[in-house]
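Containing compact mmCIF, C-alpha atoms: protein-v3.txt.
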# COMPACT_ATOMS: atom_id res chain seq x y z
CA MET A 360 194.99 115.77 9.34
CA LEU A 361 191.92 114.77 7.35
CA THR A 362 193.66 114.74 3.96
CA VAL A 363 194.61 111.11 3.76
CA SER A 364 196.62 109.55 0.98
CA MET A 365 196.90 105.85 0.36
CA LEU A 366 200.57 106.06 1.37
CA SER A 367 199.56 106.99 4.91
CA LEU A 368 197.88 103.63 5.45
CA SER A 369 199.85 100.98 7.28
CA THR A 370 199.32 97.55 5.80
CA ALA A 371 198.09 94.96 8.29
CA SER A 372 197.96 91.27 7.55
CA GLN A 373 195.13 89.15 8.85
CA ALA A 374 197.49 87.67 11.45
CA GLN A 375 198.16 91.12 12.84
CA ILE A 376 194.48 91.95 13.21
CA GLY A 377 193.74 89.84 16.25
CA ILE A 378 192.91 90.24 19.91
CA GLY A 379 194.78 93.24 21.23
CA ILE A 380 193.40 93.64 24.77
CA SER A 381 191.90 91.14 27.20
CA VAL A 382 189.98 92.10 30.33
CA ARG A 383 187.84 90.33 32.89
CA ILE A 384 184.79 92.64 32.80
CA GLY A 385 182.48 93.29 29.89
CA PRO A 386 181.73 96.64 28.20
CA PRO A 387 178.57 98.65 28.90
CA ALA A 388 175.73 98.57 26.39
CA LEU A 389 176.11 100.81 23.35
CA PRO A 390 174.51 104.23 23.95
CA VAL A 391 171.62 105.44 21.81
CA TYR A 392 172.51 108.51 19.76
CA ALA A 393 171.83 110.29 16.48
CA GLN A 394 174.33 110.57 13.66
CA PRO A 395 175.79 114.03 12.97
CA ILE A 396 175.40 115.25 9.41
CA CYS A 397 178.07 114.12 6.94
CA PRO A 398 180.64 116.94 6.43
CA GLY A 399 180.98 116.34 2.69
CA PRO A 400 181.62 113.87 -0.14
CA GLY A 401 184.21 111.17 0.56
CA TYR A 402 183.59 111.00 4.30
CA LEU A 403 182.77 107.54 5.65
CA TRP A 404 181.08 106.78 8.96
CA THR A 405 183.00 104.94 11.68
CA PRO A 406 180.69 103.97 14.58
CA GLY A 407 181.43 104.68 18.23
CA TYR A 408 182.67 101.94 20.55
CA TRP A 409 183.88 101.27 24.09
CA ALA A 410 187.67 101.19 24.39
CA TRP A 411 189.75 100.20 27.40
CA ASN A 412 192.18 102.09 29.61
CA ASP A 413 194.12 100.28 32.35
CA VAL A 414 193.70 103.24 34.70
CA GLY A 415 190.10 104.30 34.12
CA GLY A 416 188.47 101.25 32.55
CA TYR A 417 186.05 101.52 29.66
CA TYR A 418 185.71 104.85 27.86
CA TRP A 419 183.58 105.85 24.90
CA VAL A 420 185.20 106.63 21.55
CA PRO A 421 182.63 108.79 19.74
CA GLY A 422 181.38 107.76 16.33
CA THR A 423 182.76 110.09 13.66
CA TRP A 424 183.09 110.81 9.95
CA VAL A 425 186.53 110.27 8.41
CA VAL A 426 187.89 110.73 4.90
CA GLY A 427 187.96 107.13 3.80
CA PRO A 428 190.48 105.46 1.50
CA VAL A 429 189.02 105.26 -2.00
CA GLY A 430 187.40 101.91 -2.71
CA MET A 431 187.66 100.67 0.87
CA LEU A 432 185.12 100.09 3.67
CA TRP A 433 185.49 100.07 7.44
CA THR A 434 184.92 96.90 9.43
CA PRO A 435 184.35 98.00 13.06
CA GLY A 436 186.22 96.39 15.90
CA TYR A 437 184.31 94.44 18.55
CA TRP A 438 184.63 92.81 21.96
CA GLY A 439 184.41 89.04 22.06
CA PHE A 440 183.90 86.97 25.22
CA ALA A 441 185.58 83.56 25.39
CA GLY A 442 187.43 81.60 28.04
CA GLY A 443 186.41 84.05 30.77
CA PHE A 444 187.97 87.10 29.08
CA TYR A 445 186.72 89.91 26.87
CA GLY A 446 189.11 90.41 23.97
CA TRP A 447 189.17 93.39 21.63
CA HIS A 448 189.26 92.57 17.90
CA ALA A 449 190.52 95.68 16.13
CA GLY A 450 188.72 97.19 13.16
CA TYR A 451 190.27 97.54 9.71
CA TRP A 452 189.83 98.90 6.19
CA GLY A 453 189.29 96.51 3.30
CA PRO A 454 187.42 96.04 0.01
CA HIS A 455 184.52 94.40 1.87
CA VAL A 456 183.05 94.56 5.37
CA GLY A 457 183.93 91.46 7.33
CA PHE A 458 182.72 90.01 10.62
CA TYR A 459 182.30 92.44 13.51
CA GLY A 460 180.72 90.18 16.07
CA GLY A 461 177.11 90.66 15.01
CA ILE A 462 177.14 93.92 16.99
CA ASN A 463 174.44 96.43 16.08
CA TYR A 464 176.43 99.66 15.79
CA GLY A 465 173.65 101.30 13.79
CA PHE A 466 173.78 103.60 10.76
CA GLY A 467 174.17 100.76 8.28
CA TYR A 468 176.15 98.49 10.62
CA GLY A 469 173.27 96.34 11.82
CA GLY A 470 175.38 93.32 12.73
CA VAL A 471 175.94 91.84 9.28
CA GLY A 472 177.66 93.71 6.45
CA PHE A 473 177.18 97.39 5.77
CA ALA A 474 174.05 98.98 4.28
CA GLY A 475 175.01 102.64 4.64
CA GLY A 476 176.57 103.12 1.24
CA GLU A 477 178.74 101.72 -1.51
CA TRP A 478 181.57 102.64 -3.84
CA ARG A 479 180.71 103.17 -7.50
CA GLY A 480 183.94 103.70 -9.33
CA GLY A 481 185.89 106.32 -7.41
CA ALA A 482 182.84 107.89 -5.76
CA PHE A 483 181.06 106.84 -2.59
CA PHE A 484 177.26 106.79 -2.71
CA TYR A 485 175.29 107.19 0.53
CA ASN A 486 172.11 105.35 1.47
CA ARG A 487 169.92 108.12 2.87
CA ALA A 488 167.70 105.56 4.57
CA VAL A 489 170.35 105.24 7.31
CA MET A 490 172.92 107.98 6.61
CA ASN A 491 172.49 111.62 7.66
CA VAL A 492 173.59 113.42 4.48
CA ASP A 493 172.58 116.73 2.97
CA GLY A 494 171.19 115.93 -0.47
CA THR A 495 171.88 119.47 -1.62
CA HIS A 496 175.64 119.33 -1.12
CA ILE A 497 176.08 115.59 -1.58
CA THR A 498 174.40 114.29 -4.73
CA ASN A 499 175.76 110.74 -4.71
CA VAL A 500 172.82 109.31 -2.80
CA TYR A 501 170.18 106.59 -3.05
CA ASN A 502 167.44 105.17 -0.84
CA ARG A 503 167.27 101.52 0.12
CA THR A 504 165.25 100.18 3.03
CA VAL A 505 167.31 98.70 5.86
CA VAL A 506 166.10 96.43 8.67
CA VAL A 507 166.86 98.10 11.99
CA ASN A 508 167.00 96.30 15.34
CA ASN A 509 167.13 97.80 18.82
CA VAL A 510 169.69 95.50 20.42
CA HIS A 511 172.49 97.50 22.08
CA THR A 512 174.66 94.71 23.49
CA ALA A 513 178.33 95.62 23.00
CA PHE A 514 180.04 92.21 22.91
CA ASN A 515 179.92 88.88 21.12
CA GLY A 516 179.84 85.55 22.90
CA PRO A 517 178.11 83.88 25.85
CA GLY A 518 175.86 86.37 27.59
CA GLY A 519 176.02 88.72 24.60
CA ILE A 520 175.36 88.55 20.87
CA VAL A 521 175.29 84.98 19.60
CA ALA A 522 176.76 85.26 16.11
CA ARG A 523 179.44 83.53 14.09
CA PRO A 524 181.06 84.62 10.82
CA THR A 525 179.47 83.35 7.63
CA PRO A 526 181.69 81.68 4.98
CA GLN A 527 181.56 84.94 3.02
CA GLU A 528 182.63 86.98 6.05
CA GLU A 529 185.47 84.53 6.67
CA ALA A 530 186.59 85.02 3.07
CA TYR A 531 186.46 88.80 3.51
CA GLY A 532 188.51 88.39 6.67
CA ARG A 533 191.32 86.79 4.64
CA GLU A 534 191.57 89.72 2.25
CA GLN A 535 194.35 92.29 2.43
CA HIS A 536 193.52 94.83 5.14
CA THR A 537 194.88 98.14 6.36
CA ALA A 538 194.83 99.39 9.92
CA ALA A 539 192.99 102.41 11.27
CA LEU A 540 193.93 105.79 9.85
CA ALA A 541 196.07 108.21 11.83
CA SER A 542 193.01 110.41 12.30
CA GLN A 543 191.16 107.47 13.87
CA THR A 544 193.93 106.55 16.31
CA GLU A 545 194.34 110.23 17.28
CA HIS A 546 190.58 110.44 17.80
CA GLU A 547 190.68 107.43 20.13
CA HIS A 548 193.63 108.85 22.05
CA ALA A 549 191.86 112.18 22.50
CA ALA A 550 188.82 110.33 23.86
CA SER A 551 191.03 108.55 26.41
CA GLN A 552 192.08 111.96 27.76
CA ASN A 553 188.50 113.12 28.35
CA ARG A 554 187.34 112.03 31.78
CA ALA A 555 183.68 112.61 30.90
CA LEU A 556 183.89 109.82 28.31
CA PHE A 557 184.71 107.13 30.86
CA ALA A 558 181.83 104.81 31.74
CA SER A 559 182.57 105.32 35.43
CA GLU A 560 181.63 108.97 34.93
CA ASN A 561 178.84 108.87 32.33
CA HIS A 562 177.32 105.49 33.32
CA GLY A 563 176.89 104.48 29.69
CA ARG A 564 175.44 107.77 28.46
CA PRO A 565 178.31 109.93 27.14
CA ALA A 566 177.71 113.62 26.49
CA ILE A 567 179.88 113.29 23.38
CA ALA A 568 178.46 110.25 21.63
CA ALA A 569 179.38 111.28 18.08
CA THR A 570 181.28 114.03 16.28
CA GLY A 571 181.26 115.53 12.81
CA ARG A 572 185.01 115.09 12.40
CA PRO A 573 187.73 113.21 14.31
CA GLY A 574 188.92 114.91 17.47
CA GLU A 575 186.34 117.69 17.40
CA PHE A 576 184.76 117.26 20.83
CA SER A 577 182.98 120.61 20.91
CA GLY A 578 180.87 122.67 18.56
CA ARG A 579 177.85 122.09 16.35
CA GLY A 580 179.00 118.69 15.13
CA VAL A 581 178.89 117.10 18.58
CA VAL A 582 175.94 114.86 19.42
CA ALA A 583 175.11 113.69 22.94
CA ALA A 584 173.67 110.26 23.72
CA ARG A 585 169.89 110.27 24.07
CA GLU A 586 170.08 107.46 26.59
CA ALA A 587 172.21 104.59 27.75
CA GLY A 588 171.68 101.35 25.89
CA GLY A 589 171.04 99.49 29.13
CA GLU A 590 171.39 99.68 32.89
CA TYR A 591 174.92 100.45 34.01
CA HIS A 592 176.54 98.31 36.72
CA ALA A 593 179.76 99.54 38.27
CA PRO A 594 182.44 96.82 38.17
CA LYS A 595 183.49 95.29 41.50
CA THR A 596 187.13 95.11 40.43
CA SER A 597 189.46 97.99 39.57
CA PRO A 598 190.68 98.44 35.98
CA SER A 599 194.19 97.30 36.92
CA GLU A 600 192.79 94.13 38.49
CA ALA A 601 190.48 93.51 35.54
CA ARG A 602 193.25 93.58 32.98
CA ALA A 603 194.34 90.09 31.88
CA SER A 604 197.93 89.32 32.86
CA GLY A 605 200.45 87.14 31.15
CA GLY A 606 199.47 88.15 27.62
CA ASP A 607 196.26 87.58 25.73
CA ARG A 608 194.07 84.76 26.97
CA GLY A 609 192.66 82.34 24.46
CA ALA A 610 189.26 80.70 24.40
CA GLY A 611 190.69 77.43 25.64
CA GLU A 612 192.29 78.76 28.80
CA GLU A 613 190.72 77.85 32.11
CA THR A 614 189.62 80.78 34.28
CA ARG A 615 187.50 81.44 37.34
CA ASN A 616 187.06 85.18 36.87
CA GLU A 617 183.73 86.93 37.28
CA PRO A 618 181.45 87.21 34.21
CA ALA A 619 180.36 90.48 32.60
CA ARG A 620 178.81 93.08 34.87
CA ASN A 621 178.21 95.95 32.46
CA ALA A 622 176.44 94.32 29.55
CA GLU A 623 172.84 95.28 28.89
CA HIS A 624 171.66 91.72 28.37
CA ASN A 625 174.06 90.01 30.74
CA ASN A 626 171.19 88.77 32.92
CA ASN A 627 168.64 88.22 30.18
CA VAL A 628 170.38 86.62 27.24
CA GLU A 629 170.63 82.87 27.19
CA ARG A 630 174.14 81.58 27.86
CA ASN A 631 173.60 77.97 26.85
CA ASN A 632 175.80 77.46 23.78
CA ASP A 633 178.92 75.52 22.93
CA ARG A 634 181.26 78.13 24.44
CA SER A 635 179.37 78.49 27.70
CA THR A 636 181.17 77.28 30.80
CA SER A 637 178.26 77.14 33.23
CA ARG A 638 174.52 76.74 33.56
CA PRO A 639 172.11 78.87 35.62
CA ALA A 640 172.77 78.01 39.25
CA ASN A 641 169.51 79.15 40.82
CA SER A 642 165.88 79.80 40.05
CA GLU A 643 166.47 83.49 39.36
CA ALA A 644 169.11 82.71 36.77
CA ARG A 645 166.94 80.05 35.21
CA GLN A 646 164.08 82.51 34.96
CA SER A 647 166.42 85.03 33.30
CA ALA A 648 167.49 82.41 30.78
CA LYS A 649 163.88 81.54 30.06
CA GLN A 650 162.92 85.16 29.51
CA SER A 651 165.88 85.64 27.20
CA ARG A 652 164.82 83.06 24.63
CA GLN A 653 162.60 85.56 22.90
CA GLN A 654 165.52 88.01 22.79
CA LYS A 655 167.71 85.38 21.20
CA GLN A 656 165.04 84.58 18.61
CA ASP A 657 164.68 88.28 17.80
CA GLN A 658 168.42 88.56 17.29
CA LYS A 659 168.48 85.59 14.91
CA LYS A 660 165.49 86.95 13.00
CA ALA A 661 167.13 90.36 12.60
CA GLN A 662 170.42 88.78 11.48
CA LYS A 663 168.59 86.61 8.95
CA GLN A 664 166.79 89.63 7.52
CA GLN A 665 170.05 91.57 7.32
CA LYS A 666 171.79 88.74 5.50
CA ALA A 667 168.93 88.50 3.00
CA GLU A 668 169.09 92.25 2.46
CA GLN A 669 172.86 92.05 1.94
CA LYS A 670 172.44 89.32 -0.68
CA ARG A 671 169.87 91.43 -2.54
CA ASN A 672 172.24 94.39 -2.44
CA ASP A 673 175.11 92.27 -3.80
CA LYS A 674 172.91 91.06 -6.68
CA GLU A 675 171.87 94.61 -7.51
CA GLN A 676 175.49 95.75 -7.59
CA ARG A 677 176.41 92.93 -9.95
Take the structure I supplied and represent it as C-alpha cells, if you would.
Amino acid sequence: MLTVSMLSLSTASQAQIGIGISVRIGPPALPVYAQPICPGPGYLWTPGYWAWNDVGGYYWVPGTWVVGPVGMLWTPGYWGFAGGFYGWHAGYWGPHVGFYGGINYGFGYGGVGFAGGEWRGGAFFYNRAVMNVDGTHITNVYNRTVVVNNVHTAFNGPGGIVARPTPQEEAYGREQHTAALASQTEHEHAASQNRALFASENHGRPAIAATGRPGEFSGRGVVAAREAGGEYHAPKTSPSEARASGGDRGAGEETRNEPARNAEHNNNVERNNDRSTSRPANSEARQSAKQSRQQKQDQKKAQKQQKAEQKRNDKEQR
C-alpha cells in the first residue's frame, strides 16, 4: 500500500480542489502532540486534521508519514469560515506548498510555506530542527532554525486565523496539482471508523494523535496527544443538523446559523474584519475582543517571521 508510483496519482485541477464540505459548527482546536520518528528515506509528513462525519461530527485524522511522490510537496487542507459556514478546502500535492489558511499544523507547517524539508534532485532532505528523523539511518538532513508559534486554532476566517494568500501562494495554487494518495484516503477512512477519534469522545485530545505509517493505529509508532489545543465545547446541534443543506454555501450567502462553538480562540480572537457579519453585542464580548488584540498581533508577527524565513530559504535554494 505504501509503494506509490506516479501512475497511482489522480490529477486534480485547481477547479476541482475547492470546498468539499460545509457545516455550521467549527472544528475543535488542534491537539498538541509529538511527531513519531520518520520510518525511512522518502517519507513525507502529512499533519493531522479534523475531518467531518455526518453521523458523529468532527473526528481526528492522525498525522502520519507517507511515501511522497518524488519532487512534490503536500499542501494541507484547512477549514475556512465564511458566510456562516465552515468549508473544508482539501489538501493536494504539488511542486510548491500553497495556501493552507495560515493554520499552524506544526512540524514545518507553521502557517506559511513548509520548513520541514526540501527536494534536492530526486532525494528529499529533512530539516532536523522540526522533523523527527534518525540521522543514522537517514543521512539527507540539515539544520535550519524555524520560528514556532503556539497558536492551535483549526480554522481560517472570522473568529479564527486571520490570514489571506500571498501573491506567491496564489501562483502556487494555480499550478498543476494531484489529489491525496490512496494511502491517505484509506487512512482518513480508517480514522472515521474509530469511535475514540471523534471529538465527542476525546474532547479534543485524541489518544491516537499521530502514527508512523498510514492506517497503523496501534504499536510503537502511535503517539497520543499531550493535551487538547483549547477548551472543548460540545456543539448544541447534532451533526445531521449542522451539515449545510442544498450544496456548498458560498461566502456571499446570507445565514443566521450559530457561530463556532469548538474553536480555541472563538471567544478571544477579534472578529472585526471585512468578512465579519456582526460586532460584539455586549460588554463581555467587547472585553473578549479587546483581550484578543494581542493574540491577533502575535499571529501577524509570527506569520511575518515565517514569510521572511521562507524568502531566505528560497534564496538559499537558488
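Residue nearest Val456 in chain A, chosen from A:Gly469, A:Gly563, A:Gly516, A:Pro390 and counting all atoms listed in the file: A:Gly469.
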One decimal place gives the CA of Glu600 in chain A-CA of Trp411 in chain A separation as 13.0 Å
So that I can see what lies close to Pro565 in chain A, please list as an MDAnalysis selection string the residues with an atom at most 7 Å from it, counting only C-alpha atoms and leaving out residues fewer than 4 positions away in the same chain.
chainID A and resid 556 561 583:584
Emit the selected residues as a tab-separated table (two decimals), keeping the file's coordinate frame, including C-alpha atoms.
chain	number	residue	atom	x	y	z
A	556	LEU	CA	183.89	109.82	28.31
A	561	ASN	CA	178.84	108.87	32.33
A	583	ALA	CA	175.11	113.69	22.94
A	584	ALA	CA	173.67	110.26	23.72
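Of the residues under consideration (A:Thr525, A:Thr570, A:Asn463, A:Gln394), A:Asn463 shows the shortest atom-to-atom contact distance to Asn509 in chain A when counting all atoms listed in the file.
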note - CA of Ile462 in chain A and CA of Thr596 in chain A are separated by 25.5 Å
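With only C-alpha atoms as the atoms that count, the residue of A:Ala549, A:Val489, A:Ile384, A:Ala601 with the shortest distance to Val506 in chain A is A:Val489.
Atom pair CA of Gly589 in chain A / CA of Arg523 in chain A has a distance of 23.5 Å (rounded to one decimal).
Proximity ranking of A:Gly532, A:Gly578, A:Pro573, A:Gly518 relative to Glu545 in chain A places A:Pro573 first, based on only C-alpha atoms.
Shell of Val492 in chain A at 7 Å, with all atoms listed in the file counted and residues fewer than 2 places along the chain excluded, is A:Ile396, A:Cys397, A:Arg487, A:Met490, A:Gly494, A:Ile497.
Residue nearest Gly443 in chain A, chosen from A:Gly480, A:Gly580, A:Gly385, A:Pro526 and counting only C-alpha atoms: A:Gly385.
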**Item:** Residue contacts of Glu547 in chain A (12 Å, only C-alpha atoms) excluding same-chain residues fewer than 2 positions away, as a ChimeraX atom specification
**Value:** /A:405-412,418-423,539-545,549-553,556,573-576
Please dump the current selection as an mmCIF file, in the frame of the given file; keep C-alpha atoms.
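Produced file part_0.cif, reproduced below:
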data_model
loop_
_atom_site.group_PDB
_atom_site.id
_atom_site.type_symbol
_atom_site.label_atom_id
_atom_site.label_comp_id
_atom_site.auth_asym_id
_atom_site.auth_seq_id
_atom_site.Cartn_x
_atom_site.Cartn_y
_atom_site.Cartn_z
ATOM 1 C CA THR A 405 183.000 104.940 11.680
ATOM 2 C CA PRO A 406 180.690 103.970 14.580
ATOM 3 C CA GLY A 407 181.430 104.680 18.230
ATOM 4 C CA TYR A 408 182.670 101.940 20.550
ATOM 5 C CA TRP A 409 183.880 101.270 24.090
ATOM 6 C CA ALA A 410 187.670 101.190 24.390
ATOM 7 C CA TRP A 411 189.750 100.200 27.400
ATOM 8 C CA ASN A 412 192.180 102.090 29.610
ATOM 9 C CA TYR A 418 185.710 104.850 27.860
ATOM 10 C CA TRP A 419 183.580 105.850 24.900
ATOM 11 C CA VAL A 420 185.200 106.630 21.550
ATOM 12 C CA PRO A 421 182.630 108.790 19.740
ATOM 13 C CA GLY A 422 181.380 107.760 16.330
ATOM 14 C CA THR A 423 182.760 110.090 13.660
ATOM 15 C CA ALA A 539 192.990 102.410 11.270
ATOM 16 C CA LEU A 540 193.930 105.790 9.850
ATOM 17 C CA ALA A 541 196.070 108.210 11.830
ATOM 18 C CA SER A 542 193.010 110.410 12.300
ATOM 19 C CA GLN A 543 191.160 107.470 13.870
ATOM 20 C CA THR A 544 193.930 106.550 16.310
ATOM 21 C CA GLU A 545 194.340 110.230 17.280
ATOM 22 C CA ALA A 549 191.860 112.180 22.500
ATOM 23 C CA ALA A 550 188.820 110.330 23.860
ATOM 24 C CA SER A 551 191.030 108.550 26.410
ATOM 25 C CA GLN A 552 192.080 111.960 27.760
ATOM 26 C CA ASN A 553 188.500 113.120 28.350
ATOM 27 C CA LEU A 556 183.890 109.820 28.310
ATOM 28 C CA PRO A 573 187.730 113.210 14.310
ATOM 29 C CA GLY A 574 188.920 114.910 17.470
ATOM 30 C CA GLU A 575 186.340 117.690 17.400
ATOM 31 C CA PHE A 576 184.760 117.260 20.830
#
Across A:Phe557, A:Gly460, A:Ala593, A:Gly481, the smallest distance to Phe440 in chain A, with all atoms listed in the file counted, is shown by A:Gly460
Name the residues in contact with His455 in chain A at a cut-off of 12 Å, using all atoms listed in the file, excluding same-chain residues fewer than 6 positions from it; report them as an mmCIF file with C-alpha atoms, in the coordinates of the input.
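In the end it all went to part-v4.cif:
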data_model
loop_
_atom_site.group_PDB
_atom_site.id
_atom_site.type_symbol
_atom_site.label_atom_id
_atom_site.label_comp_id
_atom_site.auth_asym_id
_atom_site.auth_seq_id
_atom_site.Cartn_x
_atom_site.Cartn_y
_atom_site.Cartn_z
ATOM 1 C CA GLY A 430 187.400 101.910 -2.710
ATOM 2 C CA MET A 431 187.660 100.670 0.870
ATOM 3 C CA LEU A 432 185.120 100.090 3.670
ATOM 4 C CA TRP A 433 185.490 100.070 7.440
ATOM 5 C CA THR A 434 184.920 96.900 9.430
ATOM 6 C CA PRO A 435 184.350 98.000 13.060
ATOM 7 C CA VAL A 471 175.940 91.840 9.280
ATOM 8 C CA GLY A 472 177.660 93.710 6.450
ATOM 9 C CA PHE A 473 177.180 97.390 5.770
ATOM 10 C CA ALA A 474 174.050 98.980 4.280
ATOM 11 C CA GLY A 476 176.570 103.120 1.240
ATOM 12 C CA GLU A 477 178.740 101.720 -1.510
ATOM 13 C CA TRP A 478 181.570 102.640 -3.840
ATOM 14 C CA GLN A 527 181.560 84.940 3.020
ATOM 15 C CA GLU A 528 182.630 86.980 6.050
ATOM 16 C CA GLU A 529 185.470 84.530 6.670
ATOM 17 C CA ALA A 530 186.590 85.020 3.070
ATOM 18 C CA TYR A 531 186.460 88.800 3.510
ATOM 19 C CA GLY A 532 188.510 88.390 6.670
ATOM 20 C CA ARG A 533 191.320 86.790 4.640
ATOM 21 C CA GLU A 534 191.570 89.720 2.250
ATOM 22 C CA GLN A 535 194.350 92.290 2.430
ATOM 23 C CA HIS A 536 193.520 94.830 5.140
ATOM 24 C CA THR A 537 194.880 98.140 6.360
ATOM 25 C CA GLN A 669 172.860 92.050 1.940
ATOM 26 C CA ASP A 673 175.110 92.270 -3.800
#
